[in-house]
>>> print(open('my_file_25.txt').read())   # compact mmCIF, C-alpha atoms
# COMPACT_ATOMS: atom_id res chain seq x y z
CA MET A 461 11.02 149.75 -43.62
CA SER A 462 12.50 152.97 -42.31
CA SER A 463 14.56 153.55 -39.19
CA VAL A 464 15.52 156.69 -37.32
CA CYS A 465 19.21 156.62 -36.54
CA CYS A 466 20.08 159.11 -33.83
CA GLY A 467 18.91 161.50 -31.13
CA THR A 468 18.33 165.20 -31.57
CA LYS A 469 20.93 166.48 -29.13
CA LYS A 470 23.10 165.42 -26.23
CA GLN A 471 21.38 163.89 -23.21
CA LYS A 472 17.99 163.54 -24.93
CA LEU A 473 17.42 159.84 -24.53
CA ASN A 474 13.71 159.35 -24.94
CA ASN A 475 13.00 159.23 -28.68
CA SER A 476 10.64 156.40 -29.55
CA TYR A 477 11.37 153.66 -32.03
CA SER A 478 9.18 150.72 -32.97
CA ASN A 479 10.33 149.48 -36.37
CA ASN A 480 11.23 145.84 -36.89
CA VAL A 481 13.81 145.46 -39.65
CA ASP A 482 15.20 142.63 -41.70
CA ARG A 483 18.84 141.78 -41.22
CA PRO A 484 20.89 141.88 -44.45
CA LEU A 485 23.62 139.43 -45.24
CA ASN A 486 27.35 140.12 -45.01
CA GLY A 487 29.55 140.27 -48.06
CA TYR A 488 29.12 143.78 -49.42
CA LYS A 489 32.04 145.38 -51.16
CA GLU A 490 33.98 148.20 -49.53
CA THR A 491 34.60 151.73 -50.84
CA VAL A 492 31.09 152.32 -52.08
CA ALA A 493 30.18 155.75 -50.69
CA ILE A 494 31.40 158.64 -52.86
CA PRO A 495 30.70 162.41 -52.81
CA ASP A 496 28.45 162.15 -55.88
CA MET A 497 25.91 160.40 -53.65
CA CYS A 498 25.72 163.49 -51.45
CA TYR A 499 25.41 165.78 -54.46
CA PHE A 500 22.58 163.59 -55.74
CA CYS A 501 20.79 163.94 -52.39
CA PHE A 502 21.04 167.72 -52.68
CA ASP A 503 19.70 167.52 -56.26
CA VAL A 504 16.75 165.44 -55.08
CA LEU A 505 15.92 167.77 -52.20
CA TYR A 506 16.28 170.91 -54.31
CA CYS A 507 13.95 169.56 -56.98
CA GLN A 508 11.42 168.49 -54.36
CA LEU A 509 11.40 171.85 -52.58
CA HIS A 510 11.08 173.78 -55.85
CA SER A 511 8.44 171.47 -57.42
CA MET A 512 10.77 170.52 -60.26
CA ASP A 513 11.10 167.24 -62.09
CA PRO A 514 13.35 164.73 -60.29
CA PRO A 515 17.06 164.81 -61.21
CA GLN A 516 18.45 162.53 -63.87
CA THR A 517 19.70 159.05 -63.01
CA PRO A 518 23.14 159.37 -61.37
CA ASN A 519 26.32 157.72 -62.66
CA PHE A 520 27.41 155.97 -59.46
CA THR A 521 26.78 152.29 -58.76
CA ASN A 522 23.21 151.06 -58.42
CA GLU A 523 24.01 148.02 -56.32
CA ALA A 524 21.82 147.29 -53.32
CA TYR A 525 22.85 148.21 -49.76
CA PRO A 526 21.23 149.19 -46.49
CA LEU A 527 21.62 152.96 -46.19
CA PHE A 528 20.93 156.08 -44.14
CA VAL A 529 20.73 159.74 -45.14
CA THR A 530 21.49 162.39 -42.51
CA TRP A 531 20.89 166.13 -42.79
CA LYS A 532 22.58 168.60 -40.43
CA ILE A 533 22.47 172.38 -40.37
CA GLY A 534 24.72 175.26 -39.40
CA LYS A 535 28.24 175.51 -38.09
CA ASP A 536 27.32 173.42 -35.05
CA HIS A 537 25.98 170.65 -37.33
CA ARG A 538 22.64 170.43 -35.56
CA LEU A 539 20.66 167.39 -36.63
CA ARG A 540 17.75 168.13 -38.99
CA GLY A 541 16.83 164.62 -40.07
CA CYS A 542 18.20 161.10 -40.20
CA ILE A 543 16.28 158.14 -41.59
CA GLY A 544 17.33 155.00 -43.43
CA THR A 545 16.68 151.34 -43.92
CA PHE A 546 18.26 148.02 -43.00
CA ASN A 547 16.74 146.46 -46.11
CA ALA A 548 19.21 146.47 -48.99
CA MET A 549 17.97 148.95 -51.61
CA HIS A 550 19.34 149.84 -55.03
CA LEU A 551 21.24 153.03 -54.38
CA HIS A 552 19.61 155.19 -57.05
CA SER A 553 16.08 154.65 -55.75
CA GLY A 554 17.16 154.28 -52.13
CA LEU A 555 19.01 157.58 -51.93
CA ARG A 556 16.24 159.30 -53.86
CA GLU A 557 13.68 158.05 -51.36
CA TYR A 558 15.62 158.66 -48.16
CA ALA A 559 17.01 162.04 -49.15
CA ILE A 560 13.39 163.21 -49.13
CA THR A 561 12.18 161.09 -46.22
CA SER A 562 14.96 162.20 -43.88
CA ALA A 563 14.63 165.86 -44.87
CA LEU A 564 10.86 166.19 -44.80
CA LYS A 565 9.37 163.28 -42.85
CA ASP A 566 11.51 162.78 -39.75
CA SER A 567 8.81 163.10 -37.08
CA ARG A 568 11.25 164.66 -34.60
CA PHE A 569 11.63 167.82 -36.70
CA ALA A 570 9.72 170.24 -38.87
CA PRO A 571 10.37 169.64 -42.59
CA ILE A 572 13.47 171.29 -44.01
CA THR A 573 12.63 174.51 -45.87
CA ARG A 574 14.10 176.16 -48.96
CA GLU A 575 15.66 178.85 -46.79
CA GLU A 576 17.63 176.28 -44.79
CA VAL A 577 19.23 174.51 -47.76
CA PRO A 578 22.33 176.77 -48.06
CA ARG A 579 23.28 175.89 -44.47
CA LEU A 580 22.87 172.12 -44.83
CA THR A 581 25.35 169.27 -44.76
CA VAL A 582 24.28 165.84 -45.94
CA SER A 583 25.86 162.50 -45.07
CA VAL A 584 25.26 159.19 -46.79
CA SER A 585 25.96 156.04 -44.78
CA ILE A 586 26.30 152.67 -46.52
CA LEU A 587 25.92 149.84 -44.01
CA GLN A 588 28.05 146.69 -44.26
CA HIS A 589 29.57 143.80 -42.31
CA PHE A 590 26.64 142.81 -40.09
CA GLU A 591 27.56 140.45 -37.23
CA GLU A 592 25.67 139.01 -34.29
CA ALA A 593 27.38 140.13 -31.07
CA GLU A 594 28.11 137.70 -28.26
CA HIS A 595 26.84 140.15 -25.63
CA TYR A 596 25.74 143.77 -25.29
CA LEU A 597 29.33 145.08 -24.96
CA ASP A 598 30.71 143.07 -27.91
CA TRP A 599 31.28 146.09 -30.15
CA LYS A 600 33.75 148.99 -30.42
CA LEU A 601 33.02 152.68 -29.98
CA GLY A 602 33.62 154.63 -33.17
CA LYS A 603 33.86 151.48 -35.29
CA HIS A 604 30.51 149.73 -35.02
CA GLY A 605 26.96 150.83 -35.38
CA ILE A 606 24.61 148.79 -33.25
CA ARG A 607 21.06 147.55 -33.58
CA ILE A 608 19.40 146.12 -30.49
CA GLU A 609 16.35 143.94 -30.02
CA PHE A 610 14.73 143.74 -26.61
CA ILE A 611 11.46 142.99 -24.85
CA SER A 612 9.71 146.04 -23.44
CA GLU A 613 8.19 146.22 -19.99
CA ARG A 614 4.85 145.47 -21.68
CA GLY A 615 6.17 142.32 -23.30
CA SER A 616 6.50 143.52 -26.90
CA LYS A 617 9.62 143.19 -29.04
CA ARG A 618 11.27 146.52 -29.79
CA THR A 619 14.31 147.51 -31.86
CA ALA A 620 16.51 150.59 -32.14
CA THR A 621 19.77 151.57 -33.80
CA TYR A 622 22.63 154.05 -33.69
CA LEU A 623 25.08 154.61 -36.52
CA PRO A 624 28.79 154.23 -35.61
CA GLN A 625 29.46 157.94 -35.12
CA VAL A 626 26.59 158.66 -32.73
CA ALA A 627 28.14 157.44 -29.47
CA THR A 628 31.44 159.25 -29.96
CA GLU A 629 29.72 162.45 -31.09
CA GLN A 630 27.64 162.38 -27.91
CA GLY A 631 30.60 161.50 -25.69
CA TRP A 632 28.97 158.29 -24.40
CA ASP A 633 30.66 155.11 -23.23
CA GLN A 634 29.23 151.71 -24.19
CA VAL A 635 26.82 151.41 -21.28
CA GLN A 636 25.53 154.95 -21.76
CA THR A 637 25.02 154.18 -25.45
CA ILE A 638 23.05 151.03 -24.67
CA ASP A 639 20.91 152.84 -22.10
CA SER A 640 20.25 155.67 -24.53
CA LEU A 641 19.27 153.20 -27.21
CA LEU A 642 16.88 151.43 -24.86
CA ARG A 643 15.20 154.75 -24.11
CA LYS A 644 15.11 155.56 -27.80
CA GLY A 645 13.40 152.21 -28.36
CA GLY A 646 10.71 153.14 -25.87
CA TYR A 647 11.89 151.30 -22.75
CA LYS A 648 10.62 153.31 -19.78
CA ALA A 649 11.34 151.03 -16.80
CA ASN A 650 14.49 151.06 -14.70
CA ILE A 651 17.46 149.79 -16.72
CA THR A 652 19.21 147.01 -14.82
CA ALA A 653 22.27 144.89 -15.55
CA ASP A 654 19.96 141.95 -16.24
CA MET A 655 18.02 144.03 -18.74
CA ARG A 656 21.21 144.95 -20.58
CA ARG A 657 22.30 141.30 -20.66
CA SER A 658 18.97 140.28 -22.20
CA ILE A 659 19.53 142.46 -25.26
CA LYS A 660 20.16 140.86 -28.65
CA LEU A 661 22.72 143.06 -30.37
CA THR A 662 23.81 143.19 -33.99
CA ARG A 663 26.90 145.22 -34.83
CA TYR A 664 27.70 146.64 -38.23
CA GLN A 665 30.06 149.05 -39.93
CA SER A 666 29.25 152.10 -42.01
CA GLU A 667 31.00 153.72 -44.90
CA GLU A 668 30.12 157.41 -44.71
CA VAL A 669 30.61 160.36 -47.00
CA SER A 670 29.52 163.96 -46.36
CA ALA A 671 29.17 167.19 -48.34
CA THR A 672 28.12 170.72 -47.50
CA TYR A 673 25.89 172.85 -49.68
CA ASN A 674 28.98 174.82 -50.71
CA ASP A 675 30.64 171.57 -51.80
CA TYR A 676 27.55 170.79 -53.83
CA ILE A 677 27.41 174.18 -55.53
CA THR A 678 31.13 174.13 -56.29
CA GLN A 679 30.85 170.67 -57.84
CA ARG A 680 27.83 171.64 -59.93
CA CYS A 681 29.45 174.85 -61.30
>>> encode(input="my_file_25.txt", output="structure tokens")
Amino acid sequence: MSSVCCGTKKQKLNNSYSNNVDRPLNGYKETVAIPDMCYFCFDVLYCQLHSMDPPQTPNFTNEAYPLFVTWKIGKDHRLRGCIGTFNAMHLHSGLREYAITSALKDSRFAPITREEVPRLTVSVSILQHFEEAEHYLDWKLGKHGIRIEFISERGSKRTATYLPQVATEQGWDQVQTIDSLLRKGGYKANITADMRRSIKLTRYQSEEVSATYNDYITQRC
């Protein structure tokens, strides 16, 4: 089950989110994300855009983790797609799937084109260390990603998530991050202190690695 991780630009707080996701267990090993994972994502996207056979099986670990793939473009690193899953997936198939899904099927954006590829940067996020928070502020900016569950004004359960880097990149404090995430999850009513306190929050950490297209070409030469 796929999840969209972040907003399109600063101050845009109204992206919808309706996916329910399974919570993985703790206990994953550290130092998993390596640059080869980014190069593999570029391989996958290149082959897809040029109607070529998929790339060969990569050499990095094929253990199972929750993961996200993020594409950004240009010197200002404008978001072009970010989708992942909280279900632990074997990395070879998971990165293959979400490299394409995030590049071509993020509903917030038009699909990435061949012409854009030379200006892309890709990031792979491996999610670990999931913990139930005691309250909606029981997490640290820049350290934790957060996933919230809440009841909408219409009485349905909704969920939404931000990766650890999103809040600091946007310049938000904790309350602003929570409010943004509620809007992202589709909450349209007035956000009160009681509403924030009703949230069920799970915090997690992310091991992230990034590579530009130039990094990719240099490595492949």
>>> closest_residue(input="my_file_25.txt", among="A:Trp531, A:Asp633, A:Phe610, A:Pro578", to="Ile677 of chain A", atoms="all atoms listed in the file")
A:Pro578
>>> closest_residue(input="my_file_25.txt", among="A:Ile494, A:Val582, A:Val504, A:Val635", to="Trp599 of chain A", atoms="only C-alpha atoms")
A:Val635
>>> residues_near_point(input="my_file_25.txt", point="(33.3, 151.5, -39.0)", cutoff="7 Å", atoms="all atoms listed in the file", output="list of chain:residue names")
A:Gly602, A:Lys603, A:His604, A:Pro624, A:Gln665, A:Ser666, A:Glu667
>>> closest_residue(input="my_file_25.txt", among="A:Pro514, A:Gly544, A:Pro495, A:Gly554", to="Thr621 of chain A", atoms="all atoms listed in the file")
A:Gly544
>>> closest_residue(input="my_file_25.txt", among="A:Leu597, A:Cys507, A:Ile560, A:Leu641", to="Gly541 of chain A", atoms="only C-alpha atoms")
A:Ile560
>>> atom_distance(input="my_file_25.txt", atom1="atom CA of Thr517 of chain A", atom2="atom CA of Val492 of chain A")
17.2 Å
>>> decode(input="my_file_25.txt", residues="segment 542-557 of chain A", atoms="all heavy atoms", output="short mmCIF file (atom, residue, chain, number, x, y, z; two decimals), in the first residue's frame")
data_model
loop_
_atom_site.label_atom_id
_atom_site.label_comp_id
_atom_site.auth_asym_id
_atom_site.auth_seq_id
_atom_site.Cartn_x
_atom_site.Cartn_y
_atom_site.Cartn_z
N CYS A 542 7.12 11.66 -4.90
CA CYS A 542 7.58 11.00 -3.67
C CYS A 542 6.50 10.04 -3.20
O CYS A 542 5.44 10.48 -2.74
CB CYS A 542 7.88 12.03 -2.59
SG CYS A 542 8.47 11.28 -1.04
N ILE A 543 6.75 8.77 -3.35
CA ILE A 543 5.81 7.74 -2.93
C ILE A 543 6.60 6.57 -2.34
O ILE A 543 7.72 6.29 -2.76
CB ILE A 543 4.93 7.25 -4.10
CG1 ILE A 543 4.10 8.40 -4.67
CG2 ILE A 543 4.01 6.12 -3.67
CD1 ILE A 543 3.21 8.02 -5.84
N GLY A 544 6.01 5.93 -1.34
CA GLY A 544 6.65 4.77 -0.73
C GLY A 544 5.63 3.92 -0.01
O GLY A 544 4.42 4.07 -0.21
N THR A 545 6.13 3.05 0.84
CA THR A 545 5.26 2.12 1.55
C THR A 545 5.76 1.90 2.97
O THR A 545 6.97 1.89 3.21
CB THR A 545 5.20 0.76 0.81
OG1 THR A 545 4.39 -0.14 1.56
CG2 THR A 545 6.59 0.16 0.61
N PHE A 546 4.81 1.72 3.89
CA PHE A 546 5.14 1.33 5.25
C PHE A 546 5.18 -0.18 5.42
O PHE A 546 5.54 -0.67 6.48
CB PHE A 546 4.14 1.95 6.24
CG PHE A 546 4.40 3.39 6.53
CD1 PHE A 546 3.77 4.38 5.81
CD2 PHE A 546 5.29 3.76 7.52
CE1 PHE A 546 4.01 5.71 6.06
CE2 PHE A 546 5.55 5.09 7.79
CZ PHE A 546 4.90 6.07 7.06
N ASN A 547 4.79 -0.91 4.41
CA ASN A 547 4.94 -2.37 4.44
C ASN A 547 6.39 -2.71 4.08
O ASN A 547 6.93 -2.18 3.10
CB ASN A 547 4.00 -3.03 3.43
CG ASN A 547 2.55 -2.80 3.78
OD1 ASN A 547 2.16 -2.89 4.94
ND2 ASN A 547 1.74 -2.50 2.77
N ALA A 548 7.01 -3.57 4.84
CA ALA A 548 8.38 -3.98 4.53
C ALA A 548 8.40 -4.74 3.21
O ALA A 548 7.67 -5.72 3.03
CB ALA A 548 8.93 -4.84 5.66
N MET A 549 9.22 -4.27 2.28
CA MET A 549 9.37 -4.91 0.97
C MET A 549 10.82 -5.28 0.74
O MET A 549 11.73 -4.57 1.17
CB MET A 549 8.91 -3.96 -0.15
CG MET A 549 7.44 -3.65 -0.17
SD MET A 549 6.97 -2.73 -1.67
CE MET A 549 7.23 -3.98 -2.94
N HIS A 550 11.04 -6.39 0.04
CA HIS A 550 12.41 -6.71 -0.37
C HIS A 550 12.92 -5.57 -1.26
O HIS A 550 12.21 -5.11 -2.17
CB HIS A 550 12.45 -8.04 -1.11
CG HIS A 550 12.16 -9.21 -0.22
ND1 HIS A 550 13.05 -9.63 0.76
CD2 HIS A 550 11.07 -10.01 -0.11
CE1 HIS A 550 12.52 -10.66 1.41
NE2 HIS A 550 11.32 -10.90 0.91
N LEU A 551 14.13 -5.13 -0.99
CA LEU A 551 14.60 -3.89 -1.59
C LEU A 551 14.70 -3.93 -3.11
O LEU A 551 14.43 -2.93 -3.78
CB LEU A 551 15.94 -3.50 -0.98
CG LEU A 551 15.87 -3.03 0.48
CD1 LEU A 551 17.27 -2.78 1.04
CD2 LEU A 551 15.02 -1.77 0.61
N HIS A 552 15.07 -5.08 -3.67
CA HIS A 552 15.19 -5.14 -5.13
C HIS A 552 13.86 -4.86 -5.82
O HIS A 552 13.77 -4.02 -6.72
CB HIS A 552 15.73 -6.51 -5.56
CG HIS A 552 17.12 -6.77 -5.10
ND1 HIS A 552 17.78 -7.96 -5.34
CD2 HIS A 552 18.01 -6.00 -4.41
CE1 HIS A 552 18.99 -7.92 -4.81
NE2 HIS A 552 19.16 -6.74 -4.25
N SER A 553 12.82 -5.55 -5.38
CA SER A 553 11.50 -5.34 -5.99
C SER A 553 10.87 -4.04 -5.51
O SER A 553 10.18 -3.35 -6.27
CB SER A 553 10.59 -6.52 -5.68
OG SER A 553 10.42 -6.68 -4.28
N GLY A 554 11.11 -3.68 -4.25
CA GLY A 554 10.52 -2.46 -3.72
C GLY A 554 11.04 -1.21 -4.40
O GLY A 554 10.26 -0.32 -4.77
N LEU A 555 12.34 -1.12 -4.56
CA LEU A 555 12.91 0.06 -5.22
C LEU A 555 12.55 0.07 -6.70
O LEU A 555 12.31 1.14 -7.28
CB LEU A 555 14.42 0.09 -5.03
CG LEU A 555 14.89 0.39 -3.60
CD1 LEU A 555 16.41 0.30 -3.51
CD2 LEU A 555 14.41 1.76 -3.13
N ARG A 556 12.49 -1.09 -7.32
CA ARG A 556 12.09 -1.16 -8.71
C ARG A 556 10.66 -0.61 -8.88
O ARG A 556 10.37 0.19 -9.77
CB ARG A 556 12.16 -2.60 -9.22
CG ARG A 556 11.97 -2.76 -10.71
CD ARG A 556 11.92 -4.23 -11.10
NE ARG A 556 13.12 -4.95 -10.71
CZ ARG A 556 14.23 -5.06 -11.44
NH1 ARG A 556 14.26 -4.45 -12.64
NH2 ARG A 556 15.27 -5.74 -11.04
N GLU A 557 9.78 -1.02 -7.99
CA GLU A 557 8.39 -0.58 -8.07
C GLU A 557 8.23 0.91 -7.77
O GLU A 557 7.58 1.65 -8.52
CB GLU A 557 7.53 -1.38 -7.09
CG GLU A 557 6.08 -0.92 -7.02
CD GLU A 557 5.23 -1.75 -6.09
OE1 GLU A 557 5.66 -2.86 -5.70
OE2 GLU A 557 4.12 -1.28 -5.73
#
